[in-house]
file model.pdb (PDB, C-alpha atoms, pLDDT in the B column)
MODEL        1
ATOM      1  CA  MET J   1     -19.310   9.106  -5.271  1.00 88.00           C
ATOM      2  CA  THR J   2     -16.614   6.877  -3.749  1.00 98.00           C
ATOM      3  CA  THR J   3     -14.397   8.535  -1.156  1.00 98.00           C
ATOM      4  CA  THR J   4     -10.859   7.178  -1.047  1.00 98.00           C
ATOM      5  CA  LEU J   5      -7.748   7.748   1.048  1.00 98.00           C
ATOM      6  CA  VAL J   6      -4.360   6.904  -0.470  1.00 98.00           C
ATOM      7  CA  THR J   7      -1.311   7.049   1.787  1.00 98.00           C
ATOM      8  CA  GLY J   8       2.062   8.064   0.359  1.00 96.00           C
ATOM      9  CA  ALA J   9       0.175   9.700  -2.496  1.00 97.00           C
ATOM     10  CA  ASN J  10       2.501  12.533  -3.479  1.00 95.00           C
ATOM     11  CA  LYS J  11       4.755  10.551  -5.843  1.00 92.00           C
ATOM     12  CA  GLY J  12       5.402   7.223  -7.548  1.00 91.00           C
ATOM     13  CA  LEU J  13       2.818   4.485  -7.185  1.00 93.00           C
ATOM     14  CA  GLY J  14       0.702   6.529  -4.799  1.00 95.00           C
ATOM     15  CA  LEU J  15       0.454   9.465  -7.196  1.00 96.00           C
ATOM     16  CA  GLU J  16      -0.425   7.206 -10.132  1.00 95.00           C
ATOM     17  CA  THR J  17      -3.012   5.360  -8.028  1.00 97.00           C
ATOM     18  CA  THR J  18      -4.505   8.730  -7.123  1.00 98.00           C
ATOM     19  CA  ARG J  19      -4.626   9.799 -10.764  1.00 96.00           C
ATOM     20  CA  ARG J  20      -6.290   6.622 -11.930  1.00 97.00           C
ATOM     21  CA  LEU J  21      -8.879   6.517  -9.157  1.00 98.00           C
ATOM     22  CA  ILE J  22      -9.844  10.131  -9.779  1.00 98.00           C
ATOM     23  CA  ALA J  23     -10.277   9.220 -13.457  1.00 97.00           C
ATOM     24  CA  ALA J  24     -12.529   6.369 -12.303  1.00 98.00           C
ATOM     25  CA  GLY J  25     -14.741   8.807 -10.407  1.00 97.00           C
ATOM     26  CA  HIS J  26     -13.341   8.593  -6.888  1.00 98.00           C
ATOM     27  CA  THR J  27     -12.919  11.594  -4.612  1.00 98.00           C
ATOM     28  CA  VAL J  28      -9.348  11.013  -3.459  1.00 98.00           C
ATOM     29  CA  HIS J  29      -7.811  12.345  -0.269  1.00 98.00           C
ATOM     30  CA  ALA J  30      -4.075  12.150  -0.883  1.00 98.00           C
ATOM     31  CA  GLY J  31      -2.059  11.474   2.260  1.00 98.00           C
ATOM     32  CA  MET J  32       1.509  12.767   2.467  1.00 97.00           C
ATOM     33  CA  ARG J  33       3.961  13.659   5.218  1.00 96.00           C
ATOM     34  CA  ASP J  34       4.656  17.158   3.896  1.00 96.00           C
ATOM     35  CA  LEU J  35       1.871  19.173   2.255  1.00 96.00           C
ATOM     36  CA  ALA J  36       4.537  21.244   0.490  1.00 95.00           C
ATOM     37  CA  THR J  37       5.086  18.211  -1.779  1.00 93.00           C
ATOM     38  CA  GLY J  38       1.435  18.101  -2.834  1.00 93.00           C
ATOM     39  CA  ASP J  39       1.431  20.189  -6.021  1.00 94.00           C
ATOM     40  CA  ALA J  40       1.100  17.147  -8.268  1.00 95.00           C
ATOM     41  CA  VAL J  41      -1.935  15.761  -6.428  1.00 95.00           C
ATOM     42  CA  ARG J  42      -3.563  19.188  -6.368  1.00 96.00           C
ATOM     43  CA  GLU J  43      -3.177  19.379 -10.148  1.00 96.00           C
ATOM     44  CA  LEU J  44      -4.965  16.044 -10.406  1.00 97.00           C
ATOM     45  CA  GLY J  45      -7.886  17.321  -8.339  1.00 97.00           C
ATOM     46  CA  ALA J  46      -7.109  15.319  -5.207  1.00 98.00           C
ATOM     47  CA  ILE J  47      -7.428  16.719  -1.698  1.00 97.00           C
ATOM     48  CA  PRO J  48      -4.021  16.804   0.045  1.00 98.00           C
ATOM     49  CA  VAL J  49      -4.019  15.541   3.627  1.00 98.00           C
ATOM     50  CA  GLN J  50      -1.082  15.757   6.034  1.00 98.00           C
ATOM     51  CA  LEU J  51      -0.507  12.148   7.015  1.00 98.00           C
ATOM     52  CA  ASP J  52       2.595  10.557   8.463  1.00 98.00           C
ATOM     53  CA  VAL J  53       1.802   6.880   8.958  1.00 98.00           C
ATOM     54  CA  THR J  54       4.496   6.621  11.651  1.00 98.00           C
ATOM     55  CA  ASP J  55       2.828   9.292  13.807  1.00 98.00           C
ATOM     56  CA  GLN J  56      -0.398   8.379  15.621  1.00 98.00           C
ATOM     57  CA  ASP J  57      -1.435  12.008  16.142  1.00 98.00           C
ATOM     58  CA  SER J  58      -0.968  12.739  12.440  1.00 98.00           C
ATOM     59  CA  VAL J  59      -3.004   9.662  11.514  1.00 98.00           C
ATOM     60  CA  ASP J  60      -5.821  10.542  13.911  1.00 98.00           C
ATOM     61  CA  LYS J  61      -6.043  14.112  12.609  1.00 98.00           C
ATOM     62  CA  ALA J  62      -6.013  12.954   8.993  1.00 98.00           C
ATOM     63  CA  ILE J  63      -8.822  10.459   9.532  1.00 98.00           C
ATOM     64  CA  ALA J  64     -10.813  13.019  11.529  1.00 98.00           C
ATOM     65  CA  SER J  65     -10.626  15.390   8.544  1.00 97.00           C
ATOM     66  CA  LEU J  66     -12.424  12.949   6.249  1.00 98.00           C
ATOM     67  CA  PRO J  67     -16.191  13.360   5.821  1.00 95.00           C
ATOM     68  CA  GLU J  68     -16.577   9.679   4.975  1.00 98.00           C
ATOM     69  CA  LEU J  69     -14.465   6.804   3.671  1.00 98.00           C
ATOM     70  CA  ASP J  70     -15.180   3.935   1.305  1.00 98.00           C
ATOM     71  CA  VAL J  71     -11.728   2.865   0.128  1.00 98.00           C
ATOM     72  CA  LEU J  72      -8.412   2.868   1.975  1.00 98.00           C
ATOM     73  CA  VAL J  73      -5.232   2.289  -0.022  1.00 98.00           C
ATOM     74  CA  ASN J  74      -2.289   1.656   2.304  1.00 98.00           C
ATOM     75  CA  ASN J  75       0.456   2.551  -0.152  1.00 97.00           C
ATOM     76  CA  ALA J  76       3.098   4.392   1.903  1.00 97.00           C
ATOM     77  CA  GLY J  77       6.320   2.395   2.101  1.00 95.00           C
ATOM     78  CA  VAL J  78      10.074   2.582   2.599  1.00 95.00           C
ATOM     79  CA  THR J  79      12.900   0.171   1.822  1.00 91.00           C
ATOM     80  CA  GLY J  80      14.725   0.901   5.062  1.00 90.00           C
ATOM     81  CA  PRO J  81      18.428   1.725   5.491  1.00 91.00           C
ATOM     82  CA  SER J  82      19.847  -1.793   5.102  1.00 89.00           C
ATOM     83  CA  TRP J  83      20.597  -3.523   1.785  1.00 88.00           C
ATOM     84  CA  THR J  84      22.930  -6.362   2.850  1.00 91.00           C
ATOM     85  CA  LEU J  85      23.615  -8.490   5.899  1.00 93.00           C
ATOM     86  CA  ASP J  86      26.729  -6.420   6.480  1.00 93.00           C
ATOM     87  CA  ASP J  87      24.687  -3.356   7.404  1.00 92.00           C
ATOM     88  CA  LEU J  88      21.666  -5.151   8.893  1.00 96.00           C
ATOM     89  CA  ASP J  89      20.695  -4.479  12.479  1.00 96.00           C
ATOM     90  CA  VAL J  90      17.516  -4.303  14.528  1.00 97.00           C
ATOM     91  CA  GLU J  91      17.157  -0.569  13.938  1.00 96.00           C
ATOM     92  CA  ALA J  92      17.092  -1.132  10.170  1.00 96.00           C
ATOM     93  CA  MET J  93      14.283  -3.656  10.667  1.00 97.00           C
ATOM     94  CA  ARG J  94      12.445  -1.238  12.925  1.00 97.00           C
ATOM     95  CA  VAL J  95      12.578   1.552  10.328  1.00 97.00           C
ATOM     96  CA  ALA J  96      11.046  -0.653   7.632  1.00 97.00           C
ATOM     97  CA  PHE J  97       8.390  -2.123   9.901  1.00 98.00           C
ATOM     98  CA  GLU J  98       7.437   1.249  11.394  1.00 98.00           C
ATOM     99  CA  THR J  99       6.172   2.492   8.027  1.00 98.00           C
ATOM    100  CA  ASN J 100       5.368  -0.673   6.099  1.00 98.00           C
ATOM    101  CA  VAL J 101       3.653  -2.700   8.819  1.00 98.00           C
ATOM    102  CA  PHE J 102       2.894  -0.608  11.881  1.00 98.00           C
ATOM    103  CA  GLY J 103       1.834   2.230   9.574  1.00 98.00           C
ATOM    104  CA  VAL J 104      -0.695  -0.018   7.840  1.00 98.00           C
ATOM    105  CA  VAL J 105      -2.126  -1.120  11.168  1.00 98.00           C
ATOM    106  CA  ARG J 106      -2.099   2.424  12.573  1.00 98.00           C
ATOM    107  CA  VAL J 107      -4.028   3.885   9.622  1.00 98.00           C
ATOM    108  CA  THR J 108      -6.370   0.934   9.238  1.00 98.00           C
ATOM    109  CA  GLN J 109      -7.365   0.873  12.884  1.00 98.00           C
ATOM    110  CA  ALA J 110      -8.042   4.601  12.844  1.00 98.00           C
ATOM    111  CA  ALA J 111     -10.076   4.297   9.629  1.00 98.00           C
ATOM    112  CA  LEU J 112     -12.262   1.349  10.644  1.00 98.00           C
ATOM    113  CA  PRO J 113     -15.076   3.417  12.198  1.00 98.00           C
ATOM    114  CA  LEU J 114     -15.503   5.370   8.959  1.00 98.00           C
ATOM    115  CA  LEU J 115     -15.166   2.282   6.774  1.00 98.00           C
ATOM    116  CA  ARG J 116     -17.826   0.483   8.798  1.00 98.00           C
ATOM    117  CA  ARG J 117     -20.312   3.199   7.776  1.00 98.00           C
ATOM    118  CA  SER J 118     -19.637   2.625   4.073  1.00 98.00           C
ATOM    119  CA  ALA J 119     -21.978   0.558   1.915  1.00 97.00           C
ATOM    120  CA  ASN J 120     -18.948  -0.940   0.160  1.00 98.00           C
ATOM    121  CA  PRO J 121     -15.831  -0.729   2.357  1.00 98.00           C
ATOM    122  CA  VAL J 122     -12.579  -1.700   0.656  1.00 98.00           C
ATOM    123  CA  ILE J 123      -8.981  -1.850   1.856  1.00 98.00           C
ATOM    124  CA  VAL J 124      -5.987  -2.423  -0.415  1.00 98.00           C
ATOM    125  CA  ASN J 125      -2.599  -3.008   1.186  1.00 98.00           C
ATOM    126  CA  VAL J 126       0.296  -2.523  -1.212  1.00 97.00           C
ATOM    127  CA  ALA J 127       2.606  -5.479  -0.560  1.00 96.00           C
ATOM    128  CA  SER J 128       5.251  -7.002  -2.850  1.00 92.00           C
ATOM    129  CA  SER J 129       6.310 -10.314  -4.345  1.00 86.00           C
ATOM    130  CA  LEU J 130       9.525  -9.621  -2.398  1.00 87.00           C
ATOM    131  CA  GLY J 131       7.531 -10.679   0.648  1.00 82.00           C
ATOM    132  CA  PHE J 132       6.183 -13.850  -0.985  1.00 85.00           C
ATOM    133  CA  PRO J 133       8.406 -16.901  -0.310  1.00 82.00           C
ATOM    134  CA  ARG J 134       7.525 -18.705  -3.542  1.00 81.00           C
ATOM    135  CA  ALA J 135       8.640 -15.668  -5.589  1.00 76.00           C
ATOM    136  CA  MET J 136      11.780 -15.088  -3.512  1.00 74.00           C
ATOM    137  CA  LEU J 137      12.850 -18.696  -4.145  1.00 78.00           C
ATOM    138  CA  ASP J 138      12.153 -18.688  -7.889  1.00 73.00           C
ATOM    139  CA  PRO J 139      15.323 -17.956  -9.926  1.00 85.00           C
ATOM    140  CA  ASP J 140      13.121 -16.729 -12.777  1.00 80.00           C
ATOM    141  CA  ASP J 141      11.309 -14.176 -10.619  1.00 77.00           C
ATOM    142  CA  ASP J 142      12.413 -10.549 -10.274  1.00 78.00           C
ATOM    143  CA  SER J 143      12.393 -11.033  -6.488  1.00 73.00           C
ATOM    144  CA  PHE J 144      15.039 -13.758  -6.472  1.00 74.00           C
ATOM    145  CA  GLY J 145      18.099 -11.520  -6.736  1.00 76.00           C
ATOM    146  CA  ALA J 146      17.090  -9.119  -3.954  1.00 82.00           C
ATOM    147  CA  LEU J 147      19.023  -9.998  -0.787  1.00 84.00           C
ATOM    148  CA  LEU J 148      17.909  -7.144   1.467  1.00 90.00           C
ATOM    149  CA  VAL J 149      16.068  -8.301   4.588  1.00 94.00           C
ATOM    150  CA  PRO J 150      13.946  -5.493   6.123  1.00 95.00           C
ATOM    151  CA  TYR J 151      11.751  -4.643   3.143  1.00 94.00           C
ATOM    152  CA  PRO J 152      10.829  -8.230   2.120  1.00 94.00           C
ATOM    153  CA  SER J 153      10.189  -9.174   5.743  1.00 95.00           C
ATOM    154  CA  SER J 154       7.892  -6.208   6.202  1.00 96.00           C
ATOM    155  CA  LYS J 155       5.966  -6.993   3.022  1.00 96.00           C
ATOM    156  CA  ALA J 156       5.546 -10.605   4.118  1.00 95.00           C
ATOM    157  CA  ALA J 157       3.972  -9.215   7.270  1.00 97.00           C
ATOM    158  CA  VAL J 158       1.654  -7.034   5.165  1.00 98.00           C
ATOM    159  CA  ILE J 159       0.426 -10.094   3.278  1.00 97.00           C
ATOM    160  CA  ALA J 160      -0.222 -11.916   6.554  1.00 97.00           C
ATOM    161  CA  LEU J 161      -2.042  -9.028   8.203  1.00 97.00           C
ATOM    162  CA  THR J 162      -4.178  -8.609   5.059  1.00 98.00           C
ATOM    163  CA  VAL J 163      -5.401 -12.182   5.378  1.00 98.00           C
ATOM    164  CA  GLN J 164      -6.111 -11.803   9.088  1.00 98.00           C
ATOM    165  CA  TYR J 165      -7.985  -8.523   8.641  1.00 98.00           C
ATOM    166  CA  ALA J 166     -10.053 -10.094   5.859  1.00 98.00           C
ATOM    167  CA  LYS J 167     -10.979 -13.052   8.054  1.00 98.00           C
ATOM    168  CA  SER J 168     -11.867 -10.757  10.939  1.00 98.00           C
ATOM    169  CA  LEU J 169     -13.911  -8.310   8.847  1.00 98.00           C
ATOM    170  CA  PRO J 170     -15.973 -10.412   6.414  1.00 97.00           C
ATOM    171  CA  GLY J 171     -18.184  -7.433   5.559  1.00 97.00           C
ATOM    172  CA  MET J 172     -15.247  -5.636   3.975  1.00 98.00           C
ATOM    173  CA  ARG J 173     -13.174  -6.446   0.901  1.00 98.00           C
ATOM    174  CA  ILE J 174      -9.543  -6.483   2.065  1.00 98.00           C
ATOM    175  CA  ASN J 175      -6.759  -7.523  -0.293  1.00 98.00           C
ATOM    176  CA  ALA J 176      -3.047  -7.052  -0.960  1.00 98.00           C
ATOM    177  CA  SER J 177      -1.511  -5.955  -4.246  1.00 97.00           C
ATOM    178  CA  ASP J 178       1.877  -6.649  -5.798  1.00 94.00           C
ATOM    179  CA  PRO J 179       3.099  -3.741  -7.957  1.00 93.00           C
ATOM    180  CA  GLY J 180       5.877  -5.839  -9.478  1.00 77.00           C
ATOM    181  CA  TYR J 181       9.300  -4.481 -10.367  1.00 66.00           C
ATOM    182  CA  THR J 182       8.261  -0.926 -11.130  1.00 62.00           C
ATOM    183  CA  ALA J 183      10.508   2.067 -11.740  1.00 47.00           C
ATOM    184  CA  THR J 184      10.102   4.374  -8.722  1.00 64.00           C
ATOM    185  CA  ASP J 185      12.258   6.286  -6.262  1.00 57.00           C
ATOM    186  CA  LEU J 186      12.141   3.192  -4.033  1.00 60.00           C
ATOM    187  CA  ASN J 187      14.483   1.314  -6.407  1.00 56.00           C
ATOM    188  CA  GLN J 188      16.257   4.288  -7.985  1.00 55.00           C
ATOM    189  CA  HIS J 189      13.997   3.791 -11.046  1.00 57.00           C
ATOM    190  CA  HIS J 190      15.598   0.464 -11.965  1.00 57.00           C
ATOM    191  CA  GLY J 191      12.293  -1.378 -12.375  1.00 53.00           C
ATOM    192  CA  HIS J 192      11.208  -2.481 -15.841  1.00 54.00           C
ATOM    193  CA  GLN J 193       7.517  -1.628 -15.367  1.00 66.00           C
ATOM    194  CA  THR J 194       5.880   1.784 -15.634  1.00 84.00           C
ATOM    195  CA  VAL J 195       3.968   3.217 -12.676  1.00 83.00           C
ATOM    196  CA  THR J 196       0.764   2.595 -14.620  1.00 88.00           C
ATOM    197  CA  GLU J 197       1.601  -1.100 -14.924  1.00 88.00           C
ATOM    198  CA  GLY J 198       2.669  -1.092 -11.292  1.00 90.00           C
ATOM    199  CA  THR J 199      -0.692   0.225 -10.121  1.00 94.00           C
ATOM    200  CA  ASP J 200      -2.883  -2.106 -12.197  1.00 95.00           C
ATOM    201  CA  ALA J 201      -3.526  -4.505  -9.327  1.00 95.00           C
ATOM    202  CA  THR J 202      -4.016  -1.801  -6.716  1.00 97.00           C
ATOM    203  CA  VAL J 203      -6.492   0.139  -8.834  1.00 98.00           C
ATOM    204  CA  ALA J 204      -8.435  -2.985  -9.787  1.00 98.00           C
ATOM    205  CA  LEU J 205      -8.720  -4.056  -6.146  1.00 98.00           C
ATOM    206  CA  ALA J 206      -9.716  -0.539  -5.067  1.00 98.00           C
ATOM    207  CA  ARG J 207     -12.667  -0.669  -7.473  1.00 98.00           C
ATOM    208  CA  ILE J 208     -14.178  -4.032  -6.523  1.00 97.00           C
ATOM    209  CA  GLY J 209     -17.765  -4.368  -5.358  1.00 96.00           C
ATOM    210  CA  ARG J 210     -19.288  -6.170  -2.384  1.00 95.00           C
ATOM    211  CA  ASP J 211     -19.127  -9.451  -4.304  1.00 96.00           C
ATOM    212  CA  GLY J 212     -15.408  -9.047  -4.992  1.00 97.00           C
ATOM    213  CA  PRO J 213     -12.589 -11.121  -3.531  1.00 97.00           C
ATOM    214  CA  THR J 214     -11.205 -10.684  -0.045  1.00 98.00           C
ATOM    215  CA  GLY J 215      -8.088 -11.973   1.689  1.00 98.00           C
ATOM    216  CA  GLU J 216      -6.306 -12.360  -1.644  1.00 97.00           C
ATOM    217  CA  PHE J 217      -2.963 -11.288  -3.102  1.00 96.00           C
ATOM    218  CA  HIS J 218      -3.080  -9.926  -6.657  1.00 97.00           C
ATOM    219  CA  ASN J 219      -0.619  -8.712  -9.274  1.00 93.00           C
ATOM    220  CA  ARG J 220      -1.531  -7.124 -12.597  1.00 89.00           C
ATOM    221  CA  GLN J 221      -2.293 -10.553 -14.059  1.00 91.00           C
ATOM    222  CA  GLY J 222      -4.768 -11.385 -11.297  1.00 91.00           C
ATOM    223  CA  ARG J 223      -4.813 -13.539  -8.206  1.00 95.00           C
ATOM    224  CA  ILE J 224      -1.545 -14.995  -6.897  1.00 91.00           C
ATOM    225  CA  ASP J 225      -2.173 -18.358  -5.263  1.00 88.00           C
ATOM    226  CA  TYR J 226      -0.681 -18.711  -1.812  1.00 77.00           C
TER     227      TYR J 226
ENDMDL
END
call {"tool": "encode", "arguments": {"input": "model.pdb", "output": "structure tokens"}}
result
Amino acid sequence: MTTTLVTGANKGLGLETTRRLIAAGHTVHAGMRDLATGDAVRELGAIPVQLDVTDQDSVDKAIASLPELDVLVNNAGVTGPSWTLDDLDVEAMRVAFETNVFGVVRVTQAALPLLRRSANPVIVNVASSLGFPRAMLDPDDDSFGALLVPYPSSKAAVIALTVQYAKSLPGMRINASDPGYTATDLNQHHGHQTVTEGTDATVALARIGRDGPTGEFHNRQGRIDY
């Protein structure tokens, strides 16, 4: 049995990732800031875990509660409070990075001892094409019209840290996924993809074996070349 931790698992992409990995045979520990929001994951058969990725004590307690860990899905994310240059300031950047970047590092570092004991350790960091310069500069890409700064910058950092973790930990399979423009609370459900389509890459990467890719960035069509 594969033991998996999904952060931000109580709704949206995290909830759908949890559902699909349970269907694939994983035992999923579903991380969420407030256990009172965990009814949906309980109905799926997941194990709710109090986990606020911005709080080191919460992260440490959550990881300590796990009996083992094979797959870590760093899904928790926020857009941040700024949408234009008119309302951009350092605090808006800090809010986005605290969850989207520092949260990934905080959880990953805490989880490494457990992952190192796994026969097939896997990490999937949910990034975005909004953090990929080639997509942001392509007028035909969904990312082109988004002018907000904190969220894309934080997701660019997630892609970079994924590559560096993969290089540093060659015994693990560590990749980043791009959900695409998916209808979730994060974008007021404006995306044109379903949450199932938006989790295709994440779920596929969470299920890879020891011979699978590492240090790569994938969307639902497959590998995105850097």
call {"tool": "closest_residue", "arguments": {"input": "model.pdb", "among": "J:Ile123, J:Ala135, J:Ala204, J:Leu148", "to": "Arg173 (chain J)", "atoms": "all atoms listed in the file"}}
result
J:Ile123
call {"tool": "resolve_selection", "arguments": {"input": "model.pdb", "expression": "the PyMOL selection byres ((chain J and resi 48) around 8)", "output": "short mmCIF file (atom, residue, chain, number, x, y, z; two decimals) with C-alpha atoms, keeping the file's coordinate frame"}}
result
data_model
loop_
_atom_site.label_atom_id
_atom_site.label_comp_id
_atom_site.auth_asym_id
_atom_site.auth_seq_id
_atom_site.Cartn_x
_atom_site.Cartn_y
_atom_site.Cartn_z
CA HIS J 29 -7.81 12.34 -0.27
CA ALA J 30 -4.08 12.15 -0.88
CA GLY J 31 -2.06 11.47 2.26
CA MET J 32 1.51 12.77 2.47
CA LEU J 35 1.87 19.17 2.26
CA GLY J 38 1.44 18.10 -2.83
CA VAL J 41 -1.94 15.76 -6.43
CA ARG J 42 -3.56 19.19 -6.37
CA ALA J 46 -7.11 15.32 -5.21
CA ILE J 47 -7.43 16.72 -1.70
CA VAL J 49 -4.02 15.54 3.63
CA GLN J 50 -1.08 15.76 6.03
#
call {"tool": "residues_around", "arguments": {"input": "model.pdb", "residues": "region 51-66 of chain J", "least_positions_apart": "5", "cutoff": "9 Å", "atoms": "all atoms listed in the file", "output": "list in words"}}
result
Thr3, Leu5, Thr7, Gly8, His29, Ala30, Gly31, Met32, Arg33, Asp34, Leu35, Ala76, Glu98, Thr99, Asn100, Phe102, Gly103, Val104, Arg106, Val107, Ala110, Ala111 and Leu114 of chain J
call {"tool": "residues_around", "arguments": {"input": "model.pdb", "residues": "Ala96 (chain J)", "least_positions_apart": "5", "cutoff": "8 Å", "atoms": "only C-alpha atoms", "output": "VMD selection string"}}
result
chain J and resid 77 to 80 101 150 to 151 154
call {"tool": "closest_residue", "arguments": {"input": "model.pdb", "among": "J:Arg20, J:Val195, J:Pro67, J:Thr2", "to": "Gly209 (chain J)", "atoms": "all atoms listed in the file"}}
result
J:Thr2
call {"tool": "residues_around", "arguments": {"input": "model.pdb", "residues": "Val124 (chain J)", "least_positions_apart": "2", "cutoff": "6 Å", "atoms": "only C-alpha atoms", "output": "PDB file with C-alpha atoms, in the frame of the given file"}}
result
ATOM      1  CA  VAL J  73      -5.232   2.289  -0.022  1.00 98.00           C
ATOM      2  CA  ILE J 174      -9.543  -6.483   2.065  1.00 98.00           C
ATOM      3  CA  ASN J 175      -6.759  -7.523  -0.293  1.00 98.00           C
ATOM      4  CA  ALA J 176      -3.047  -7.052  -0.960  1.00 98.00           C
TER       5      ALA J 176
END
call {"tool": "atom_distance", "arguments": {"input": "model.pdb", "atom1": "CA of Thr4 (chain J)", "atom2": "CA of Leu72 (chain J)"}}
result
5.8 Å
call {"tool": "residues_around", "arguments": {"input": "model.pdb", "residues": "Thr18 (chain J)", "least_positions_apart": "3", "cutoff": "8 Å", "atoms": "only C-alpha atoms", "output": "list in words"}}
result
Val6, Ala9, Gly14, Leu15, Leu21, Ile22, Val28, Ala30, Val41 and Ala46 of chain J
call {"tool": "closest_residue", "arguments": {"input": "model.pdb", "among": "J:Leu85, J:Leu169, J:Val95, J:Ala127", "to": "Ala157 (chain J)", "atoms": "only C-alpha atoms"}}
result
J:Ala127
call {"tool": "atom_distance", "arguments": {"input": "model.pdb", "atom1": "CA of Thr27 (chain J)", "atom2": "CA of Glu43 (chain J)"}}
result
13.6 Å
call {"tool": "atom_distance", "arguments": {"input": "model.pdb", "atom1": "CA of Val149 (chain J)", "atom2": "CA of Ala92 (chain J)"}}
result
9.1 Å
call {"tool": "residues_around", "arguments": {"input": "model.pdb", "residues": "Asp200 (chain J)", "least_positions_apart": "6", "cutoff": "9 Å", "atoms": "all atoms listed in the file", "output": "PyMOL selection string"}}
result
chain J and resi 17+177+179+219-221
call {"tool": "build_atoms", "arguments": {"input": "model.pdb", "residues": "region 89-94 of chain J", "atoms": "all heavy atoms", "output": "PDB file, in the frame of the given file"}}
result
ATOM      1  N   ASP J  89      20.826  -4.433  11.027  1.00 96.00           N
ATOM      2  CA  ASP J  89      20.695  -4.479  12.479  1.00 96.00           C
ATOM      3  C   ASP J  89      19.218  -4.309  12.824  1.00 96.00           C
ATOM      4  O   ASP J  89      18.370  -4.129  11.938  1.00 96.00           O
ATOM      5  CB  ASP J  89      21.564  -3.428  13.171  1.00 96.00           C
ATOM      6  CG  ASP J  89      21.290  -2.004  12.697  1.00 96.00           C
ATOM      7  OD1 ASP J  89      20.181  -1.743  12.166  1.00 96.00           O
ATOM      8  OD2 ASP J  89      22.171  -1.148  12.864  1.00 96.00           O
ATOM      9  N   VAL J  90      18.909  -4.381  14.089  1.00 97.00           N
ATOM     10  CA  VAL J  90      17.516  -4.303  14.528  1.00 97.00           C
ATOM     11  C   VAL J  90      16.902  -2.955  14.172  1.00 97.00           C
ATOM     12  O   VAL J  90      15.719  -2.872  13.810  1.00 97.00           O
ATOM     13  CB  VAL J  90      17.416  -4.569  16.043  1.00 97.00           C
ATOM     14  CG1 VAL J  90      16.022  -4.261  16.559  1.00 97.00           C
ATOM     15  CG2 VAL J  90      17.780  -6.023  16.343  1.00 97.00           C
ATOM     16  N   GLU J  91      17.694  -1.895  14.251  1.00 96.00           N
ATOM     17  CA  GLU J  91      17.157  -0.569  13.938  1.00 96.00           C
ATOM     18  C   GLU J  91      16.728  -0.487  12.479  1.00 96.00           C
ATOM     19  O   GLU J  91      15.711   0.140  12.148  1.00 96.00           O
ATOM     20  CB  GLU J  91      18.189   0.512  14.237  1.00 96.00           C
ATOM     21  CG  GLU J  91      17.676   1.934  14.031  1.00 96.00           C
ATOM     22  CD  GLU J  91      16.427   2.255  14.826  1.00 96.00           C
ATOM     23  OE1 GLU J  91      16.255   1.696  15.938  1.00 96.00           O
ATOM     24  OE2 GLU J  91      15.602   3.054  14.333  1.00 96.00           O
ATOM     25  N   ALA J  92      17.470  -1.119  11.583  1.00 96.00           N
ATOM     26  CA  ALA J  92      17.092  -1.132  10.170  1.00 96.00           C
ATOM     27  C   ALA J  92      15.756  -1.858   9.989  1.00 96.00           C
ATOM     28  O   ALA J  92      14.911  -1.430   9.194  1.00 96.00           O
ATOM     29  CB  ALA J  92      18.173  -1.809   9.329  1.00 96.00           C
ATOM     30  N   MET J  93      15.562  -2.944  10.713  1.00 97.00           N
ATOM     31  CA  MET J  93      14.283  -3.656  10.667  1.00 97.00           C
ATOM     32  C   MET J  93      13.170  -2.770  11.210  1.00 97.00           C
ATOM     33  O   MET J  93      12.069  -2.708  10.654  1.00 97.00           O
ATOM     34  CB  MET J  93      14.377  -4.942  11.483  1.00 97.00           C
ATOM     35  CG  MET J  93      15.364  -5.964  10.967  1.00 97.00           C
ATOM     36  SD  MET J  93      14.887  -6.667   9.353  1.00 97.00           S
ATOM     37  CE  MET J  93      13.452  -7.636   9.820  1.00 97.00           C
ATOM     38  N   ARG J  94      13.461  -2.082  12.287  1.00 97.00           N
ATOM     39  CA  ARG J  94      12.445  -1.238  12.925  1.00 97.00           C
ATOM     40  C   ARG J  94      11.990  -0.116  11.979  1.00 97.00           C
ATOM     41  O   ARG J  94      10.798   0.199  11.908  1.00 97.00           O
ATOM     42  CB  ARG J  94      12.989  -0.650  14.220  1.00 97.00           C
ATOM     43  CG  ARG J  94      11.965   0.132  15.024  1.00 97.00           C
ATOM     44  CD  ARG J  94      12.535   0.616  16.338  1.00 97.00           C
ATOM     45  NE  ARG J  94      12.731  -0.489  17.275  1.00 97.00           N
ATOM     46  CZ  ARG J  94      13.918  -0.929  17.691  1.00 97.00           C
ATOM     47  NH1 ARG J  94      15.028  -0.358  17.266  1.00 97.00           N
ATOM     48  NH2 ARG J  94      14.001  -1.931  18.538  1.00 97.00           N
TER      49      ARG J  94
END
